[in-house]
Number of protein chains: 2
Amino acid sequence: MVNESRKEREYLYREQRILDIARPVIVQEGYHALNMNRIAEQLEYSKGTVYNHFPCKEEIILALAIQTLEQRTEMFQRAARFVGRSRERMQAIGLACELFARMFPEHFVVEQLVRIPSIWDKTSATRQQQLYRGETCCLSLVSGIVHQAVGAKDISLPPGMVPEELVFGLWSMTFGAYSMLATNSNLPALGIVNGYEAVRSHLRHMLDGYGWRPLDAEHDYDEVVHQVMTQHFPTEAAQIFQNA
Amino acid sequence: MVNESRKEREYLYREQRILDIARPVIVQEGYHALNMNRIAEQLEYSKGTVYNHFPCKEEIILALAIQTLEQRTEMFQRAARFVGRSRERMQAIGLACELFARMFPEHFVVEQLVRIPSIWDKTSATRQQQLYRGETCCLSLVSGIVHQAVGAKDISLPPGMVPEELVFGLWSMTFGAYSMLATNSNLPALGIVNGYEAVRSHLRHMLDGYGWRPLDAEHDYDEVVHQVMTQHFPTEAAQIFQNA
DNA sequence: TCAATTATTGACTAAGAGTCAAAGTATGTC
DNA sequence: GACATACTTTGACTCTTAGTCAATAATTGA
């Protein structure tokens, strides 16, 4: 049984290596540059062996998306540990989200790729479920904070709106903005110079619009950001804001 | 010269036919189902002739994106003609945006496709410029309304924020939400039942958060929507809201 | 030691993007 | 109407790459 687990470990290690080979290729040279011959060559195994791990190219893309989503979830979990009022905790999530987007801008490219129907449809239901579970986990974490807010009467949602739909709004805004920042080189010409700052402002104003207490003007959220950063994301923050 | 222009007309007509053939294939069967042999066959011309029109497959995708963007711009222009206070006119744009998204949900799939770096990089600078011009036109239309609002003191933007950055927020939210609605089949399971309604609410609350007067509570924006719909989008509204 | 099981290989097939020399068509001139 | 010139269309061809699978190699357990 010791051998069995050694083999298993080696198998998983090789699977990880395939992803480690694929990611920089996709990120730096694009989807078309990613081909199975090349992966096999770099892996120093034959193509058939690569196909033992992943039944098709698309499955590798999905595996990459799942991996970054797990990173993201881990960062969200860390942020959610912040002890404070509901909106302070949401601010912590907002910071985690921005740090994640700046550390892994390619995530949004891979995420866009994997959603292309002709790619998605080729992947296995098992891995699709895995991505969905990751998404669900991430969303529940955030909607949990909204539930806390509703419970504490820090916010009162419009009639008919559930916490998940509020999270959908925050998610849409960040997904839309970070995707465009990653792929639309026209933005600077349009006058959008500091996209990340704009997103921060929009999220705050949106929550203000919903009347989530304490409002931006009633509280020093920059101080919260500072605390979360030093307490929960010291290395990440140093990496991202070194030049700022 | 009459002959010359007849030939030109025929050429443009055939170009349009290529796009008309390509669009349903991409929408219904996906990117991979779109191949040049098939287009040539349906066009009843040879592959070489198709290549005379478009130097590569990717260029067709970009041409499709430009076409829908033109549709969108036309609808935005119609909405912007609404005479009223700045936020009423923005509400008109919001309606146009939703109608567009519901009439052409595939636009967001094509838009996502065209931004994939390995697709984008194969297209000609000329057509890229064309898409950028379309975007610029659409965005200017909307930021014009924000300028009107600032001028009329209906809104006062936070220090350092330009009107274009506010529009970037609205754009991110709608692009993100409509893209996910078009490609993420996990949303209902997550509790997001009526995405379009949620987006409407988020946009209103975000503008409220920025203090754009008259606030949602101070004015009957549903009445504005009704007016814009009957005055500027009678057929579209009938088509979309027939069952609502 | 050896049979059975499991893993690896890479030549092979299939499909589709993109090319280009040859064939076909239109136009203008005498 | 005959012919030269310019432009258009064609589809067989090459090339790349996804995916397969019978043959080969390695591992395991008795």
# chains A, B, ... in the order shown; residues from 1 in each chain; ligands from 1
$ residues_around --residues "stretch 22-24 of chain D" --least-positions-apart "5" --cutoff "12 Å" --atoms "only C-alpha atoms (C1' of nucleotides)" --output "list in words"
DA7, DT8, DT9, DG10, DA11 and DC12 of chain C
$ closest_atom_pairs --of "chain B" --to "chain D" --cutoff "9 Å" --atoms "only C-alpha atoms (C1' of nucleotides)" --output "CSV"
residue,atom,partner,partner_atom,distance
B:Tyr45,CA,D:DT9,C1',8.2
B:Ser46,CA,D:DT10,C1',6.3
B:Lys47,CA,D:DG11,C1',8.0
B:Gly48,CA,D:DT10,C1',7.0
B:Thr49,CA,D:DT9,C1',6.5
$ write_last_selection --atoms "C-alpha atoms" --output "PDB file, in the first residue's frame"
ATOM      1  CA  TYR B  45     -18.654  29.908 -53.536  1.00  0.00           C
ATOM      2  CA  SER B  46     -15.256  28.328 -53.029  1.00  0.00           C
ATOM      3  CA  LYS B  47     -13.105  28.693 -49.962  1.00  0.00           C
ATOM      4  CA  GLY B  48     -10.681  30.957 -51.805  1.00  0.00           C
ATOM      5  CA  THR B  49     -13.459  33.477 -52.396  1.00  0.00           C
TER       6      THR B  49
END
$ closest_residue --among "C:DC30, C:DC20, C:DA14, C:DC2" --to "chain B" --atoms "only C-alpha atoms (C1' of nucleotides)"
C:DC20
$ closest_atom_pairs --of "chain B" --to "chain C" --cutoff "8 Å" --atoms "only C-alpha atoms (C1' of nucleotides)" --output "Markdown table"
| residue | atom | partner | partner_atom | distance |
| --- | --- | --- | --- | --- |
| B:Asn35 | CA | C:DG16 | C1' | 7.2 |
| B:Met36 | CA | C:DA17 | C1' | 7.9 |
| B:Cys56 | CA | C:DG18 | C1' | 8.0 |
$ residues_around --residues "B:Leu62" --least-positions-apart "6" --cutoff "12 Å" --atoms "only C-alpha atoms (C1' of nucleotides)" --output "number ranges by chain"
B: 19, 22-23, 54-56, 68-69, 107, 109-116, 119-132
$ atom_distance --atom1 "atom CA of A:Thr73" --atom2 "atom CA of A:Arg133"
10.8 Å
$ closest_atom_pairs --of "stretch 19-120 of chain A" --to "stretch 213-236 of chain A" --cutoff "8 Å" --atoms "only C-alpha atoms" --output "Markdown table"
| residue | atom | partner | partner_atom | distance |
| --- | --- | --- | --- | --- |
| A:Arg78 | CA | A:His232 | CA | 6.5 |
| A:Ala79 | CA | A:His232 | CA | 6.8 |
| A:Phe82 | CA | A:Val228 | CA | 7.0 |
| A:Arg87 | CA | A:Arg213 | CA | 6.9 |
| A:Glu88 | CA | A:Val224 | CA | 6.6 |
| A:Gln91 | CA | A:Val225 | CA | 7.0 |
| A:Ala92 | CA | A:Val228 | CA | 6.2 |
| A:Leu95 | CA | A:Val225 | CA | 6.8 |
| A:Leu99 | CA | A:Glu236 | CA | 7.0 |
| A:Met103 | CA | A:Glu236 | CA | 7.9 |
$ interface_residues --of "chain B" --to "chain A" --cutoff "7 Å" --atoms "only C-alpha atoms" --output "PyMOL selection string"
chain B and resi 30-32+112-113+115-118+132+136+164-165+169+172-173+175-177+183+186+190-192+198-199+202+205-206+208-210
$ atom_distance --atom1 "atom CA of A:Ala65" --atom2 "atom CA of B:Pro24"
28.1 Å
$ atom_distance --atom1 "atom CA of B:Ser86" --atom2 "atom CA of B:Ile145"
6.0 Å
$ select_by_dssp --residues "stretch 65-110 of chain A" --states "alpha helix (DSSP H)" --output "PyMOL selection string"
chain A and resi 65-80+86-103+106-110
